[in-house]
$ cat query-v8.tsv   # TSV, C-alpha atoms
chain	number	residue	atom	x	y	z
A	11	MET	CA	96.99	165.84	88.29
A	12	ASP	CA	98.71	165.32	84.94
A	13	PRO	CA	98.32	168.13	82.37
A	14	ASN	CA	96.48	165.87	79.97
A	15	THR	CA	93.74	165.13	82.51
A	16	LYS	CA	93.39	168.80	83.38
A	17	GLU	CA	93.11	169.62	79.69
A	18	ARG	CA	90.35	167.06	79.21
A	19	ILE	CA	88.40	168.43	82.19
A	20	ASP	CA	88.90	172.01	80.95
A	21	HIS	CA	87.63	170.94	77.55
A	22	ASP	CA	84.50	169.27	78.97
A	23	VAL	CA	83.45	172.12	81.26
A	24	LYS	CA	84.20	174.85	78.73
A	25	ASN	CA	82.51	173.23	75.77
A	26	ASN	CA	79.32	172.28	77.59
A	27	ARG	CA	77.37	175.07	79.24
A	28	VAL	CA	76.14	172.61	81.85
A	29	PHE	CA	78.30	169.58	82.63
A	30	LEU	CA	77.95	166.82	85.22
A	31	PHE	CA	80.69	164.48	86.40
A	32	MET	CA	78.79	161.46	87.68
A	33	LYS	CA	78.86	157.77	88.47
A	34	GLY	CA	77.13	156.00	85.61
A	35	THR	CA	75.28	157.71	82.79
A	36	PRO	CA	72.17	159.92	82.82
A	37	ALA	CA	70.19	156.90	81.57
A	38	PHE	CA	71.77	154.56	84.11
A	39	PRO	CA	73.11	156.39	87.14
A	40	GLN	CA	75.05	154.03	89.39
A	41	CYS	CA	74.80	155.99	92.61
A	42	GLY	CA	71.83	157.59	94.34
A	43	PHE	CA	73.52	160.99	94.56
A	44	SER	CA	74.33	161.04	90.85
A	45	GLN	CA	70.77	159.97	90.15
A	46	ARG	CA	69.38	162.85	92.20
A	47	ALA	CA	71.63	165.31	90.36
A	48	VAL	CA	70.37	164.05	86.99
A	49	GLN	CA	66.76	164.28	88.19
A	50	LEU	CA	67.24	167.91	89.21
A	51	LEU	CA	68.77	168.82	85.84
A	52	ARG	CA	65.91	167.08	84.04
A	53	HIS	CA	63.39	168.83	86.28
A	54	TYR	CA	64.60	172.16	84.93
A	55	GLY	CA	64.84	170.83	81.40
A	56	VAL	CA	68.41	171.90	80.79
A	57	GLU	CA	70.62	170.16	78.29
A	58	PHE	CA	73.83	168.92	79.83
A	59	GLY	CA	76.93	166.96	79.00
A	60	SER	CA	78.22	164.31	81.35
A	61	ALA	CA	81.22	162.11	82.06
A	62	ASN	CA	81.06	158.71	83.73
A	63	VAL	CA	83.92	158.73	86.24
A	64	LEU	CA	83.55	155.00	86.85
A	65	GLU	CA	84.94	154.43	83.36
A	66	ASP	CA	87.82	156.86	83.69
A	67	MET	CA	90.11	156.63	86.68
A	68	ALA	CA	92.19	159.68	85.66
A	69	ILE	CA	89.10	161.90	85.55
A	70	ARG	CA	87.70	160.33	88.70
A	71	GLU	CA	90.78	161.36	90.68
A	72	GLY	CA	91.62	164.49	88.70
A	73	ILE	CA	88.23	166.11	89.14
A	74	LYS	CA	88.64	166.06	92.93
A	75	GLU	CA	91.74	168.22	92.65
A	76	TYR	CA	90.32	170.36	89.89
A	77	SER	CA	87.44	171.51	92.09
A	78	ASN	CA	88.97	170.91	95.52
A	79	TRP	CA	85.94	168.74	96.17
A	80	PRO	CA	86.25	165.08	97.20
A	81	THR	CA	82.98	163.55	96.00
A	82	ILE	CA	81.00	162.80	92.85
A	83	PRO	CA	78.65	164.07	91.38
A	84	GLN	CA	80.00	167.50	90.51
A	85	LEU	CA	78.09	170.10	88.54
A	86	TYR	CA	79.67	172.79	86.38
A	87	VAL	CA	77.88	175.70	84.73
A	88	GLU	CA	79.73	177.99	82.34
A	89	GLY	CA	83.00	176.37	83.37
A	90	GLU	CA	82.42	177.18	87.05
A	91	PHE	CA	82.06	174.56	89.76
A	92	VAL	CA	78.58	174.84	91.29
A	93	GLY	CA	78.68	171.99	93.80
A	94	GLY	CA	77.62	168.44	94.48
A	95	CYS	CA	74.23	166.89	95.09
A	96	ASP	CA	73.54	168.63	98.43
A	97	ILE	CA	74.26	172.09	97.05
A	98	MET	CA	72.07	171.41	94.02
A	99	MET	CA	69.31	170.28	96.37
A	100	GLU	CA	69.68	173.30	98.63
A	101	LEU	CA	69.70	175.72	95.70
A	102	HIS	CA	66.62	173.93	94.39
A	103	GLU	CA	64.82	174.33	97.73
A	104	ARG	CA	65.74	178.01	97.87
A	105	GLY	CA	64.40	178.47	94.36
A	106	GLU	CA	67.82	179.50	93.07
A	107	LEU	CA	68.88	176.50	91.02
A	108	GLU	CA	66.99	177.45	87.89
A	109	SER	CA	68.69	180.83	87.63
A	110	VAL	CA	72.08	179.22	88.28
A	111	LEU	CA	71.46	176.69	85.51
A	112	LYS	CA	70.06	179.21	83.07
A	113	GLN	CA	72.15	182.22	83.96
A	114	THR	CA	73.59	182.85	80.49
A	115	ALA	CA	70.31	182.46	78.66
A	116	ASP	CA	68.65	184.89	81.07
A	117	ALA	CA	71.42	187.44	80.76
A	118	SER	CA	71.43	187.42	76.97
A	119	GLN	CA	67.64	187.42	76.51
A	120	GLY	CA	66.81	189.65	79.44
A	121	SER	CA	63.40	188.04	79.67
A	122	GLY	CA	64.00	184.90	81.67
A	123	GLN	CA	61.97	185.98	84.67
A	124	ALA	CA	59.11	188.32	85.30
A	125	SER	CA	60.37	191.31	87.20
B	9	MET	CA	83.85	157.73	112.72
B	10	ARG	CA	81.69	160.42	114.31
B	11	GLU	CA	84.66	161.65	116.35
B	12	THR	CA	86.90	161.63	113.28
B	13	ILE	CA	84.46	163.71	111.25
B	14	GLU	CA	83.88	166.20	114.04
B	15	ALA	CA	87.58	166.56	114.88
B	16	THR	CA	88.59	166.93	111.23
B	17	ILE	CA	86.07	169.69	110.63
B	18	ARG	CA	87.04	171.50	113.85
B	19	ARG	CA	90.69	171.38	112.89
B	20	ALA	CA	89.89	173.15	109.63
B	21	ILE	CA	87.37	175.57	111.12
B	22	PRO	CA	88.29	176.07	114.78
B	23	ASP	CA	85.28	178.19	115.74
B	24	ALA	CA	82.76	175.79	114.23
B	25	THR	CA	79.92	174.13	116.06
B	26	VAL	CA	79.69	170.69	114.50
B	27	LYS	CA	76.84	168.25	114.80
B	28	VAL	CA	77.34	164.87	113.17
B	29	GLU	CA	74.54	162.35	112.87
B	30	THR	CA	74.00	158.94	111.38
B	31	PRO	CA	70.90	156.81	111.26
B	32	ASP	CA	72.77	153.59	110.50
B	33	GLY	CA	76.55	154.03	110.83
B	34	THR	CA	76.92	154.22	107.04
B	35	HIS	CA	75.18	157.41	105.98
B	36	TRP	CA	76.43	160.54	107.66
B	37	SER	CA	75.15	164.06	107.93
B	38	ALA	CA	76.83	167.09	109.40
B	39	THR	CA	75.61	170.53	110.35
B	40	VAL	CA	78.41	173.05	110.66
B	41	VAL	CA	77.82	176.49	112.12
B	42	SER	CA	80.63	179.03	111.91
B	43	ALA	CA	80.97	182.80	111.81
B	44	SER	CA	83.77	182.33	109.28
B	45	PHE	CA	81.16	181.38	106.65
B	46	ALA	CA	79.84	184.94	106.64
B	47	GLY	CA	80.02	186.47	103.19
B	48	MET	CA	81.01	183.19	101.53
B	49	SER	CA	78.93	181.55	98.83
B	50	LEU	CA	77.32	178.24	99.65
B	51	VAL	CA	79.79	176.33	97.51
B	52	ARG	CA	82.77	178.00	99.23
B	53	GLN	CA	81.29	177.11	102.64
B	54	HIS	CA	80.86	173.48	101.64
B	55	GLN	CA	84.28	173.43	99.99
B	56	MET	CA	85.96	174.39	103.26
B	57	VAL	CA	84.36	171.43	105.01
B	58	MET	CA	84.66	168.93	102.17
B	59	ALA	CA	88.31	169.75	101.46
B	60	ALA	CA	89.14	169.07	105.11
B	61	LEU	CA	87.58	165.62	104.80
B	62	ARG	CA	89.40	164.72	101.59
B	63	SER	CA	91.44	161.88	103.09
B	64	GLU	CA	88.36	160.31	104.67
B	65	PHE	CA	86.72	160.25	101.26
B	66	ASP	CA	89.87	159.12	99.47
B	67	THR	CA	90.24	156.10	101.70
B	68	GLU	CA	86.50	155.48	101.37
B	69	ARG	CA	86.03	155.41	105.11
B	70	LEU	CA	83.50	158.05	104.23
B	71	HIS	CA	81.47	157.61	101.07
B	72	ALA	CA	79.07	160.52	101.29
B	73	LEU	CA	78.20	163.25	103.70
B	74	GLU	CA	75.01	165.22	103.75
B	75	LEU	CA	76.16	168.69	104.65
B	76	ARG	CA	74.48	171.81	105.94
B	77	THR	CA	76.47	174.95	106.61
B	78	LYS	CA	75.20	178.02	108.43
B	79	THR	CA	76.35	181.19	110.10
B	80	PRO	CA	75.40	181.65	113.77

$ encode --input "query-v8.tsv" --output "structure tokens"
Amino acid sequence: MDPNTKERIDHDVKNNRVFLFMKGTPAFPQCGFSQRAVQLLRHYGVEFGSANVLEDMAIREGIKEYSNWPTIPQLYVEGEFVGGCDIMMELHERGELESVLKQTADASQGSGQAS
Amino acid sequence: MRETIEATIRRAIPDATVKVETPDGTHWSATVVSASFAGMSLVRQHQMVMAALRSEFDTERLHALELRTKTP
């Protein structure tokens, strides 16, 4: 991956608390898996940034190396790779996705969940 | 394709029990059970499997794989 591409990915995932690399846009996902990822993020009401890899070949290829993950969508929270659609779905089913998505807010407010 | 997916995963994770299924020859799902997943986060478990299949995805022989990973 060329340094410029890595820098752009770094910039996206570090300047957006939640960031999704996807096919299409949140308004018009162009793949069922990307669509499901967007639906899950909306379900939890988190704000997120996104990049449409179909419009950017360098990012489309670069992101696979960046995360050592060969498919799109890819979710990042706090600069960390969380996973693709299946992992989001499994975390959702286990009831863990919300805390993954909101981890910083919970930590700083200390009142995210009843204990 | 089924054999390719199974063999590729077993090469990366020799002790794995791999079950690959497809309803239509286009959509694939795999269940991978391996003791080596113990103590790994879910994303690390999936990463091991997905990284092994990189060339299948790159050549678009495989577009998407529904993946479940477990410890025995």

$ interface_residues --input "query-v8.tsv" --of "chain B" --to "chain A" --cutoff "8 Å" --atoms "all atoms listed in the file" --output "PyMOL selection string"
chain B and resi 50-51+55+58-59+61-62+65-66+71-72+74-75

$ write_last_selection --input "query-v8.tsv" --atoms "C-alpha atoms" --output "compact mmCIF listing (two decimals), in the frame of the given file"
# COMPACT_ATOMS: atom_id res chain seq x y z
CA LEU B 50 77.32 178.24 99.65
CA VAL B 51 79.79 176.33 97.51
CA GLN B 55 84.28 173.43 99.99
CA MET B 58 84.66 168.93 102.17
CA ALA B 59 88.31 169.75 101.46
CA LEU B 61 87.58 165.62 104.80
CA ARG B 62 89.40 164.72 101.59
CA PHE B 65 86.72 160.25 101.26
CA ASP B 66 89.87 159.12 99.47
CA HIS B 71 81.47 157.61 101.07
CA ALA B 72 79.07 160.52 101.29
CA GLU B 74 75.01 165.22 103.75
CA LEU B 75 76.16 168.69 104.65

$ residues_around --input "query-v8.tsv" --residues "region 14-18 of chain A" --least-positions-apart "5" --cutoff "7 Å" --atoms "only C-alpha atoms" --output "VMD selection string"
chain A and resid 68 to 69 72

$ write_last_selection --input "query-v8.tsv" --atoms "C-alpha atoms" --output "JSON list (two decimals), in the coordinates of the input"
[["chain", "number", "residue", "atom", "x", "y", "z"],
["A", 68, "ALA", "CA", 92.19, 159.68, 85.66],
["A", 69, "ILE", "CA", 89.10, 161.90, 85.55],
["A", 72, "GLY", "CA", 91.62, 164.49, 88.70]]

$ atom_distance --input "query-v8.tsv" --atom1 "CA of Val41 (chain B)" --atom2 "CA of Leu107 (chain A)"
22.9 Å

$ closest_residue --input "query-v8.tsv" --among "A:Glu57, A:Gln84, A:Met32, A:Lys24" --to "Ser44 (chain A)" --atoms "all atoms listed in the file"
A:Met32

$ closest_residue --input "query-v8.tsv" --among "B:Arg19, B:Pro31, B:Glu11, B:Thr25" --to "Lys78 (chain B)" --atoms "all atoms listed in the file"
B:Thr25

$ residues_near_point --input "query-v8.tsv" --point "(84.4, 161.7, 115.3)" --cutoff "12 Å" --atoms "only C-alpha atoms" --output "VMD selection string"
chain B and resid 9 to 19 26 to 30 33 36 38 61 64 70

$ residues_around --input "query-v8.tsv" --residues "region 43-48 of chain B" --least-positions-apart "2" --cutoff "12 Å" --atoms "all atoms listed in the file" --output "NGL selection string"
:B and (20-25 or 40-41 or 50-57 or 76-80)

$ closest_residue --input "query-v8.tsv" --among "A:Val56, A:Met11, A:Leu50, A:Leu85" --to "Glu103 (chain A)" --atoms "only C-alpha atoms"
A:Leu50

$ axis_aligned_box --input "query-v8.tsv" --around "region 56-71 of chain B" --padding-each-side "8 Å" --output "JSON"
{"center_x": 86.5, "center_y": 164.9, "center_z": 102.3, "size_x": 26.0, "size_y": 35.0, "size_z": 21.6}

$ atom_distance --input "query-v8.tsv" --atom1 "CA of Leu30 (chain A)" --atom2 "CA of His102 (chain A)"
16.2 Å

$ atom_distance --input "query-v8.tsv" --atom1 "CA of Leu64 (chain A)" --atom2 "CA of Gly34 (chain A)"
6.6 Å

$ closest_residue --input "query-v8.tsv" --among "A:Ile73, A:Ile19, A:Pro83, A:Val48" --to "Lys33 (chain A)" --atoms "all atoms listed in the file"
A:Pro83
